[in-house]
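Below: entry12.cif (mmCIF, C-alpha atoms)
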```cif
data_coords
#
loop_
_atom_site.label_atom_id
_atom_site.label_comp_id
_atom_site.auth_asym_id
_atom_site.auth_seq_id
_atom_site.Cartn_x
_atom_site.Cartn_y
_atom_site.Cartn_z
CA MET A 1 128.86 128.65 157.42
CA ILE A 2 126.59 130.25 154.82
CA ARG A 3 122.86 130.12 155.41
CA VAL A 4 120.75 130.14 152.26
CA ALA A 5 117.04 130.87 151.92
CA SER A 6 116.48 128.77 148.81
CA VAL A 7 113.33 129.03 146.70
CA PRO A 8 112.65 126.16 146.83
CA ALA A 9 114.72 123.90 149.09
CA ASP A 10 112.76 120.65 148.79
CA HIS A 11 113.60 119.71 145.20
CA PRO A 12 116.05 117.13 143.76
CA TYR A 13 117.96 119.79 141.85
CA VAL A 14 118.49 121.91 144.95
CA ALA A 15 119.28 118.92 147.15
CA HIS A 16 122.06 117.93 144.76
CA LEU A 17 123.72 121.32 144.98
CA SER A 18 125.21 120.12 148.25
CA PRO A 19 128.52 118.23 148.11
CA THR A 20 128.38 114.46 148.28
CA GLY A 21 130.85 114.37 151.16
CA GLU A 22 132.82 111.76 149.23
CA THR A 23 135.47 114.13 147.89
CA PRO A 24 138.21 114.88 150.47
CA GLY A 25 138.95 118.58 150.78
CA ASP A 26 136.11 119.60 148.48
CA GLY A 27 136.83 123.24 149.29
CA CYS A 28 133.23 124.15 150.08
CA ASP A 29 132.16 126.48 152.81
CA GLU A 30 129.48 124.75 154.80
CA VAL A 31 126.19 125.73 153.19
CA ILE A 32 122.95 125.31 155.10
CA ARG A 33 119.70 125.68 153.15
CA LEU A 34 116.69 126.65 155.20
CA PRO A 35 113.70 124.28 154.92
CA ASP A 36 110.78 125.59 152.89
CA PRO A 37 108.23 127.37 155.09
CA PRO A 38 105.17 125.12 154.71
CA VAL A 39 102.16 126.25 152.72
CA ILE A 40 98.87 124.56 153.57
CA ALA A 41 96.98 123.47 150.45
CA ASP A 42 93.19 123.37 150.14
CA ASP A 43 93.19 119.63 150.85
CA GLY A 44 95.15 120.10 154.07
CA SER A 45 98.47 118.86 152.67
CA THR A 46 101.66 120.89 152.90
CA ARG A 47 103.81 122.08 150.02
CA TRP A 48 106.41 124.75 149.31
CA TRP A 49 104.55 126.89 146.76
CA PRO A 50 103.68 129.65 146.40
CA PRO A 51 106.91 130.23 148.31
CA ARG A 52 106.47 132.18 151.53
CA ILE A 53 110.13 133.19 151.44
CA LEU A 54 109.28 135.56 148.59
CA ASP A 55 107.34 137.79 150.94
CA PRO A 56 109.06 140.97 152.17
CA ALA A 57 107.45 140.48 155.58
CA TRP A 58 108.89 136.96 155.84
CA LEU A 59 112.35 138.24 154.88
CA ARG A 60 112.24 140.91 157.57
CA GLU A 61 110.89 138.56 160.22
CA HIS A 62 113.57 135.92 159.50
CA ALA A 63 116.46 138.25 158.64
CA GLY A 64 118.64 136.76 161.36
CA GLU A 65 118.32 133.26 159.91
CA PHE A 66 119.87 133.57 156.44
CA ASP A 67 122.72 135.24 154.57
CA VAL A 68 121.73 134.69 150.94
CA LEU A 69 118.40 134.59 149.11
CA HIS A 70 118.64 132.13 146.19
CA VAL A 71 115.72 132.12 143.74
CA HIS A 72 115.37 129.10 141.45
CA PHE A 73 111.74 128.80 140.38
CA GLY A 74 108.19 129.01 141.72
CA PHE A 75 108.02 132.81 141.47
CA GLU A 76 105.27 132.89 138.82
CA SER A 77 102.73 133.54 141.58
CA PHE A 78 104.13 137.05 142.08
CA SER A 79 104.08 140.19 139.96
CA PRO A 80 107.30 141.75 138.65
CA GLU A 81 106.70 144.68 141.02
CA HIS A 82 106.47 142.32 143.98
CA LEU A 83 109.69 140.56 142.97
CA ARG A 84 111.52 143.88 142.68
CA GLU A 85 110.41 144.67 146.22
CA VAL A 86 111.65 141.26 147.41
CA VAL A 87 115.13 141.91 146.00
CA ASP A 88 115.18 145.45 147.37
CA VAL A 89 114.23 144.25 150.86
CA ALA A 90 116.86 141.49 150.78
CA HIS A 91 119.51 144.03 149.88
CA GLU A 92 118.20 146.46 152.50
CA LEU A 93 118.70 143.68 155.05
CA GLY A 94 122.29 143.14 153.89
CA LYS A 95 121.66 139.84 152.17
CA GLY A 96 123.11 138.52 148.94
CA VAL A 97 120.68 137.70 146.13
CA VAL A 98 121.41 134.90 143.67
CA VAL A 99 119.14 133.91 140.78
CA THR A 100 119.43 130.68 138.81
CA VAL A 101 117.69 130.96 135.46
CA HIS A 102 116.23 127.51 134.88
CA ASP A 103 113.47 128.65 132.54
CA LEU A 104 113.54 131.52 130.10
CA ARG A 105 110.04 130.37 129.27
CA ASN A 106 107.86 128.89 132.00
CA PRO A 107 106.70 125.37 131.05
CA HIS A 108 103.38 125.91 132.85
CA ILE A 109 102.44 129.23 131.18
CA LYS A 110 101.78 129.70 127.47
CA ASP A 111 102.50 133.43 127.37
CA PRO A 112 106.31 133.83 127.12
CA ALA A 113 106.10 137.41 128.37
CA ALA A 114 104.92 136.17 131.77
CA GLN A 115 108.26 134.60 132.63
CA LEU A 116 110.42 137.21 130.94
CA SER A 117 108.76 140.11 132.76
CA ARG A 118 109.49 138.45 136.10
CA LEU A 119 113.06 137.70 135.08
CA ASP A 120 113.32 141.38 134.08
CA ALA A 121 112.74 142.13 137.75
CA LEU A 122 115.11 139.51 139.13
CA VAL A 123 118.09 139.12 136.80
CA PRO A 124 119.34 142.74 136.56
CA ALA A 125 119.08 143.25 140.32
CA ALA A 126 120.69 139.99 141.45
CA ASP A 127 124.21 139.95 142.87
CA ALA A 128 124.95 136.81 140.84
CA VAL A 129 123.22 134.92 138.05
CA ILE A 130 123.59 131.19 137.35
CA THR A 131 122.20 129.07 134.55
CA LEU A 132 122.57 125.50 133.28
CA THR A 133 123.87 125.75 129.71
CA GLN A 134 126.06 128.04 127.66
CA GLY A 135 123.20 128.72 125.27
CA ALA A 136 121.08 130.03 128.11
CA ALA A 137 124.02 132.12 129.36
CA ASP A 138 124.33 133.68 125.91
CA ALA A 139 120.60 134.47 125.90
CA ILE A 140 120.88 136.07 129.34
CA GLN A 141 123.79 138.21 128.18
CA ALA A 142 121.86 139.26 125.08
CA ARG A 143 118.74 140.33 126.97
CA TRP A 144 120.06 141.63 130.28
CA GLY A 145 123.78 142.21 129.79
CA ARG A 146 124.57 139.87 132.68
CA ASP A 147 127.33 137.28 132.65
CA ALA A 148 125.73 134.15 134.02
CA VAL A 149 127.88 131.43 135.55
CA VAL A 150 127.16 128.09 133.86
CA VAL A 151 126.76 125.20 136.31
CA HIS A 152 125.46 122.08 134.64
CA HIS A 153 122.42 120.31 136.04
CA PRO A 154 123.42 117.79 138.73
CA HIS A 155 122.22 114.21 138.71
CA ILE A 156 118.54 113.51 139.46
CA VAL A 157 118.75 109.81 140.31
CA PRO A 158 120.52 109.14 143.64
CA LEU A 159 124.11 108.03 143.14
CA ASP A 160 123.59 104.72 144.94
CA VAL A 161 120.72 103.87 142.60
CA MET A 162 122.87 104.73 139.60
CA ALA A 163 125.64 102.50 140.96
CA THR A 164 123.22 99.60 141.17
CA LEU A 165 122.17 100.14 137.56
CA LEU A 166 125.79 100.11 136.42
CA LEU A 167 126.32 96.69 138.00
CA ASP A 168 123.80 95.38 135.50
CA ASP A 169 122.71 97.93 132.93
CA THR A 170 119.80 95.72 131.92
CA SER A 171 118.45 95.08 135.41
CA SER A 172 115.91 97.87 135.34
CA ARG A 173 114.64 96.59 132.00
CA THR A 174 114.38 92.93 132.96
CA ASN A 175 112.82 93.08 136.41
CA CYS A 176 109.54 94.81 135.56
CA ALA A 177 106.20 93.21 136.28
CA ASP A 178 103.50 93.10 133.59
CA ALA A 179 101.38 96.25 133.47
CA ARG A 180 99.24 95.43 130.47
CA SER A 181 96.24 96.44 132.59
CA SER A 182 95.57 100.18 132.53
CA ASP A 183 94.87 100.01 136.29
CA ASP A 184 98.46 99.14 137.26
CA SER A 185 100.23 102.29 138.44
CA THR A 186 103.54 100.86 139.56
CA ALA A 187 105.33 98.81 136.93
CA ALA A 188 106.36 98.84 133.30
CA PRO A 189 105.45 95.94 131.01
CA ALA A 190 107.48 92.77 131.40
CA ARG A 191 110.76 92.96 129.54
CA ASN A 192 111.27 90.97 126.35
CA ASP A 193 113.56 91.34 123.36
CA ARG A 194 111.44 94.10 121.84
CA ARG A 195 112.66 97.66 122.12
CA ARG A 196 110.44 99.67 124.44
CA ILE A 197 109.37 103.26 123.81
CA GLY A 198 107.73 105.33 126.55
CA LEU A 199 105.67 108.52 126.56
CA HIS A 200 104.93 109.88 130.04
CA LEU A 201 102.13 112.42 129.82
CA LYS A 202 101.61 112.80 133.59
CA SER A 203 98.92 115.46 134.13
CA LEU A 204 99.29 117.02 130.67
CA ARG A 205 101.48 120.01 131.46
CA THR A 206 100.54 123.14 129.50
CA ASN A 207 103.53 122.87 127.17
CA VAL A 208 102.84 119.26 126.09
CA ASP A 209 101.21 118.37 122.76
CA ALA A 210 99.87 114.98 123.79
CA ALA A 211 97.65 114.52 120.73
CA GLY A 212 100.51 115.09 118.32
CA ALA A 213 102.74 112.68 120.19
CA LEU A 214 100.06 109.97 120.22
CA ASP A 215 99.61 110.40 116.46
CA ALA A 216 103.36 109.91 116.06
CA LEU A 217 103.30 106.76 118.16
CA ALA A 218 100.45 105.42 116.01
CA LEU A 219 102.72 105.77 112.98
CA VAL A 220 105.56 104.02 114.79
CA ALA A 221 103.27 101.16 115.82
CA ASP A 222 102.10 100.71 112.23
CA GLU A 223 105.59 100.79 110.76
CA ARG A 224 107.49 98.91 113.47
CA PRO A 225 105.29 96.20 115.02
CA ASP A 226 108.45 94.75 116.57
CA VAL A 227 108.66 97.61 119.12
CA GLU A 228 106.64 97.98 122.30
CA ILE A 229 105.07 101.34 123.15
CA VAL A 230 104.00 102.36 126.66
CA VAL A 231 101.98 105.53 127.33
CA THR A 232 101.33 106.66 130.90
CA MET A 233 99.17 109.45 132.27
CA HIS A 234 97.70 110.40 135.59
CA ARG A 235 94.29 108.91 136.31
CA ALA A 236 92.86 112.40 136.76
CA VAL A 237 93.27 113.03 133.04
CA ALA A 238 90.76 110.23 132.37
CA ASP A 239 88.34 111.30 135.12
CA PRO A 240 85.51 113.45 133.70
CA THR A 241 84.94 114.98 137.14
CA ASP A 242 88.54 116.22 137.45
CA ARG A 243 89.58 119.65 136.23
CA GLY A 244 92.59 118.07 134.52
CA HIS A 245 90.36 115.84 132.36
CA ASP A 246 91.10 115.83 128.62
CA ALA A 247 88.57 113.73 126.74
CA CYS A 248 90.30 114.14 123.37
CA VAL A 249 93.65 112.83 124.60
CA VAL A 250 92.05 109.99 126.53
CA GLU A 251 89.97 108.89 123.55
CA ARG A 252 93.05 108.92 121.29
CA ALA A 253 95.06 106.89 123.76
CA GLU A 254 92.29 104.39 124.45
CA ALA A 255 91.72 103.87 120.73
CA LEU A 256 95.41 103.04 120.25
CA ALA A 257 95.34 100.69 123.25
CA ALA A 258 92.20 98.97 121.91
CA ARG A 259 94.06 97.95 118.77
CA ASP A 260 97.14 96.93 120.75
CA ALA A 261 99.27 99.70 119.26
CA ILE A 262 100.24 100.86 122.75
CA THR A 263 100.00 99.81 126.38
CA LEU A 264 98.12 102.52 128.24
CA VAL A 265 98.86 102.87 131.97
CA LEU A 266 96.73 105.18 134.11
CA HIS A 267 98.28 105.87 137.48
CA GLU A 268 98.47 108.12 140.49
CA PRO A 269 101.59 110.35 140.64
CA MET A 270 104.59 108.08 141.12
CA ASP A 271 107.09 108.41 143.92
CA ASP A 272 110.72 108.74 142.85
CA GLY A 273 111.61 105.08 143.25
CA THR A 274 108.66 103.92 141.19
CA LEU A 275 109.35 106.52 138.51
CA PHE A 276 113.02 105.56 138.23
CA ALA A 277 112.12 101.88 137.92
CA PHE A 278 109.48 102.59 135.31
CA VAL A 279 111.57 104.91 133.15
CA GLY A 280 114.61 102.68 133.61
CA GLY A 281 112.62 99.94 131.91
CA LEU A 282 112.54 101.91 128.66
CA ASP A 283 114.94 102.00 125.73
CA VAL A 284 113.63 105.34 124.43
CA SER A 285 111.72 108.09 126.26
CA VAL A 286 109.72 110.53 124.12
CA MET A 287 109.20 114.17 125.10
CA ALA A 288 106.31 116.09 123.54
CA ASN A 289 107.02 119.58 124.86
CA VAL A 290 106.41 122.48 122.47
CA TRP A 291 108.31 125.07 124.47
CA GLY A 292 110.90 124.98 127.22
CA THR A 293 114.45 125.92 128.19
CA HIS A 294 116.06 123.09 130.18
CA SER A 295 114.83 119.64 131.18
CA GLY A 296 115.22 117.66 134.37
CA TRP A 297 113.64 114.72 132.52
CA ILE A 298 116.62 114.57 130.16
CA GLU A 299 118.95 114.54 133.16
CA MET A 300 117.02 111.70 134.81
CA CYS A 301 117.06 109.63 131.62
CA HIS A 302 120.80 110.24 131.27
CA ASP A 303 121.29 108.92 134.80
CA LEU A 304 119.17 105.83 134.05
CA GLY A 305 120.68 105.04 130.65
CA VAL A 306 117.57 105.78 128.60
CA ARG A 307 117.83 107.49 125.23
CA VAL A 308 115.68 110.61 124.90
CA VAL A 309 113.81 111.86 121.84
CA ALA A 310 113.23 115.56 122.49
CA PRO A 311 112.01 118.61 120.59
CA ASN A 312 114.62 121.02 119.31
CA ILE A 313 113.60 123.83 121.66
CA GLY A 314 115.36 125.96 124.24
CA PHE A 315 118.71 124.39 125.09
CA TYR A 316 117.69 120.74 125.37
CA GLY A 317 120.36 119.92 122.80
CA GLU A 318 123.10 120.97 125.25
CA GLN A 319 121.96 118.39 127.81
CA HIS A 320 123.54 115.02 127.06
CA ALA A 321 122.78 115.05 123.32
CA PRO A 322 119.18 113.86 123.08
CA VAL A 323 117.91 112.82 119.64
CA LEU A 324 116.19 116.02 118.49
CA TYR A 325 113.21 116.61 116.23
CA ASP A 326 111.78 119.86 114.85
CA LEU A 327 108.30 121.06 115.72
CA ALA A 328 105.72 122.26 113.21
CA GLY A 329 104.71 125.91 113.08
CA ARG A 330 107.72 127.11 115.00
CA GLY A 331 109.87 129.95 113.77
CA ASP A 332 113.52 130.48 114.56
CA GLU A 333 114.44 130.70 118.23
CA ALA A 334 114.94 134.26 119.36
CA GLU A 335 118.13 135.15 121.20
CA ASP A 336 116.34 135.37 124.54
CA GLY A 337 114.93 131.85 124.21
CA ASP A 338 111.45 133.05 123.29
CA ALA A 339 109.90 131.17 120.38
CA ALA A 340 109.19 133.27 117.31
CA SER A 341 105.92 131.38 116.90
CA ASP A 342 103.47 130.62 119.70
CA ASP A 343 101.49 127.96 117.81
CA ALA A 344 104.17 125.27 117.63
CA THR A 345 102.90 121.69 117.61
CA VAL A 346 104.34 118.21 117.37
CA ASP A 347 104.61 117.13 113.73
CA ALA A 348 103.62 113.47 113.92
CA ARG A 349 105.65 112.40 110.90
CA ARG A 350 108.82 114.17 112.03
CA LEU A 351 108.54 112.79 115.54
CA ALA A 352 107.82 109.26 114.31
CA ASP A 353 110.85 109.35 112.03
CA THR A 354 113.04 110.55 114.90
CA ILE A 355 111.73 107.84 117.22
CA LEU A 356 112.56 105.22 114.60
CA VAL A 357 116.11 106.57 114.37
CA ALA A 358 116.50 106.44 118.16
CA VAL A 359 115.08 102.93 118.42
CA ASP A 360 117.68 101.63 116.00
CA GLN A 361 120.57 103.20 117.89
CA ARG A 362 122.65 101.26 120.34
CA ARG A 363 121.09 101.12 123.80
CA ALA A 364 122.25 103.86 126.14
CA VAL A 365 124.00 102.98 129.38
CA PRO A 366 123.50 104.55 132.81
CA ALA A 367 125.60 107.60 133.60
CA ASP A 368 129.05 107.13 135.09
CA VAL A 369 128.63 107.50 138.84
CA ALA A 370 132.10 108.96 139.42
CA GLU A 371 131.54 111.60 136.74
CA ARG A 372 128.17 112.56 138.17
CA ARG A 373 129.66 112.71 141.68
CA ASP A 374 132.50 114.92 140.47
CA GLU A 375 130.05 117.18 138.58
CA ARG A 376 127.98 117.58 141.70
CA ASP A 377 130.93 118.35 143.95
CA ALA A 378 132.28 120.86 141.42
CA GLY A 379 128.89 122.53 141.25
CA ALA A 380 128.70 122.68 145.03
CA ARG A 381 132.09 124.43 145.15
CA VAL A 382 130.98 127.00 142.59
CA HIS A 383 127.77 127.70 144.49
CA SER A 384 129.69 128.11 147.73
CA GLU A 385 132.02 130.62 146.06
CA ILE A 386 129.11 132.54 144.52
CA TYR A 387 127.28 132.69 147.83
CA ARG A 388 130.36 133.95 149.64
CA ALA A 389 130.99 136.65 147.01
CA SER A 390 127.36 137.77 146.97
CA ILE A 391 127.17 138.62 150.67
CA PRO A 392 127.78 142.36 151.13
CA THR A 393 130.87 143.28 153.10
CA ARG A 394 129.76 144.70 156.41
#
```

Could you express the structure from this file as structure tokens?
Amino acid sequence: MIRVASVPADHPYVAHLSPTGETPGDGCDEVIRLPDPPVIADDGSTRWWPPRILDPAWLREHAGEFDVLHVHFGFESFSPEHLREVVDVAHELGKGVVVTVHDLRNPHIKDPAAQLSRLDALVPAADAVITLTQGAADAIQARWGRDAVVVHHPHIVPLDVMATLLLDDTSSRTNCADARSSDDSTAAPARNDRRRIGLHLKSLRTNVDAAGALDALALVADERPDVEIVVTMHRAVADPTDRGHDACVVERAEALAARDAITLVLHEPMDDGTLFAFVGGLDVSVMANVWGTHSGWIEMCHDLGVRVVAPNIGFYGEQHAPVLYDLAGRGDEAEDGDAASDDATVDARRLADTILVAVDQRRAVPADVAERRDERDAGARVHSEIYRASIPTR
């Protein structure tokens, strides 16, 4: 048995690093991931971040409970110096240290140096490095001289949900209640013969150009009145008293909704089941990120059988072949994944043209369940092997 202190543990990606149990003789050592030590938020709720595991005192106090420290993400709360100390303490305690590089550029932080400086502390000192695409592995080799093991992103949607979708690959698009009202937070508009395009803005993550994407959707609505466009965002974005409020984006979206160019849905954060049903009701999902490395959203849409229109950034293009568009004001991608220009924006015309191409393509189908199961089990075997090799010989 290998005990892993995973940062974090409570995340769909990490949960799906465990074998499905459906493959006889999967060859995995039993891997136990410790639960996230709870962090009490200001509102009294519990969460996993900032991760308490990345505290040298926690590592020492719980040294008898784990064999490997595996860092995925959530370390932006700590300085590079702190992270170096964390790795040093783990090694001092005789633990293996594994780092999975999900993001060469943090999607929540505009300054690319913030993420890279922390990876400078983690990647060279780790016993093993993992990443999700070959492009990212090449960037890691170029910057740090480390050979990262490529393990593709596992499925996001539970396998049993995917199996249900495959029984009728139109079910998620035909069984949606009408959400023409902006107060409905749970359902996509009722399905008809019109192709449906979706833009999920959530809480307006730092790397999202919502205004540019809305301008693109306005062009699509003008040029293709036969398509249906749904835009969703968290209610907090429209609440002037909330710190996440963005009056400009809300006004743009409401103006488009007022002329029936889009359906605007304001909602509380969706649970997984609601999100899968909503996104599964789309034909095309639009991403408006202006920087990034890998995308769990692309993986989810692949599982659900929804075509993705995504910016040509990071290594999105290596994840299930989304339909890519180029950003405006963006230079060539540097070898380490850092954008040569920090003022990239969504070019409305380019994005609209790409959406129109995607809309006219044949509808995607949900991912093959057996393939996703086999990918997951293969990834679990690789992780087990890496964990075993990373533990120092006593």

Ref. answer, residues at most 12 Å from (129.7, 137.0, 147.8) with all atoms listed in the file, as a list in words: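 Output: Ile2, Asp29, Asp67, Val68, Leu69, Gly94, Lys95, Gly96, Val97, Val98, Ala126, Asp127, Ala128, Val129, Val382, His383, Ser384, Glu385, Ile386, Tyr387, Arg388, Ala389, Ser390, Ile391, Pro392, Thr393 and Arg394 of chain A.
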
Determine, counting only C-alpha atoms, which protein, DNA and RNA residues have an atom within 12 Å of an atom of A:Val208; residues of the same chain fewer than 6 positions away are not included. Present the result as a compact mmCIF listing (two decimals) with C-alpha atoms, in the coordinates of the input.
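part32.txt written:
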```txt
# COMPACT_ATOMS: atom_id res chain seq x y z
CA PRO A 107 106.70 125.37 131.05
CA HIS A 108 103.38 125.91 132.85
CA ILE A 109 102.44 129.23 131.18
CA LYS A 110 101.78 129.70 127.47
CA LEU A 199 105.67 108.52 126.56
CA HIS A 200 104.93 109.88 130.04
CA LEU A 201 102.13 112.42 129.82
CA LYS A 202 101.61 112.80 133.59
CA LEU A 214 100.06 109.97 120.22
CA VAL A 249 93.65 112.83 124.60
CA VAL A 286 109.72 110.53 124.12
CA MET A 287 109.20 114.17 125.10
CA ALA A 288 106.31 116.09 123.54
CA ASN A 289 107.02 119.58 124.86
CA VAL A 290 106.41 122.48 122.47
CA TRP A 291 108.31 125.07 124.47
CA GLY A 292 110.90 124.98 127.22
CA ALA A 310 113.23 115.56 122.49
CA PRO A 311 112.01 118.61 120.59
CA LEU A 327 108.30 121.06 115.72
CA ALA A 344 104.17 125.27 117.63
CA THR A 345 102.90 121.69 117.61
CA VAL A 346 104.34 118.21 117.37
```

Ground truth for the PyMOL selection byres ((chain A and resi 320) around 9), written as a VMD selection string: chain A and resid 298 to 299 302 316 to 319 321 to 322

What are the centre and edge lengths in Å, to one decimal, of the axis-aligned box around all listed atoms of stretch 244-253 of chain A with 3 Å added on each side, as lines of an AutoDock Vina configuration file?
```
center_x = 91.8
center_y = 112.5
center_z = 127.9
size_x = 12.5
size_y = 17.2
size_z = 19.2
```

Selection under test: the PyMOL selection byres ((chain A and resi 147) around 9); residues as a ChimeraX atom specification: /A:128-130,137-138,140-141,144-146,148-149

Within-12 Å shell of (104.7, 96.0, 117.1) in input frame, all atoms listed in the file, as a list in words: Asp193, Arg194, Arg195, Arg196, Ile197, Leu217, Ala218, Leu219, Val220, Ala221, Asp222, Glu223, Arg224, Pro225, Asp226, Val227, Glu228, Ile229, Val230, Arg259, Asp260, Ala261, Ile262 and Thr263 of chain A

Long-range neighbours of A:Asp10 as a ChimeraX atom specification, 10 Å cut-off, all atoms listed in the file, 6 positions minimum in chain: /A:33-36,47-48
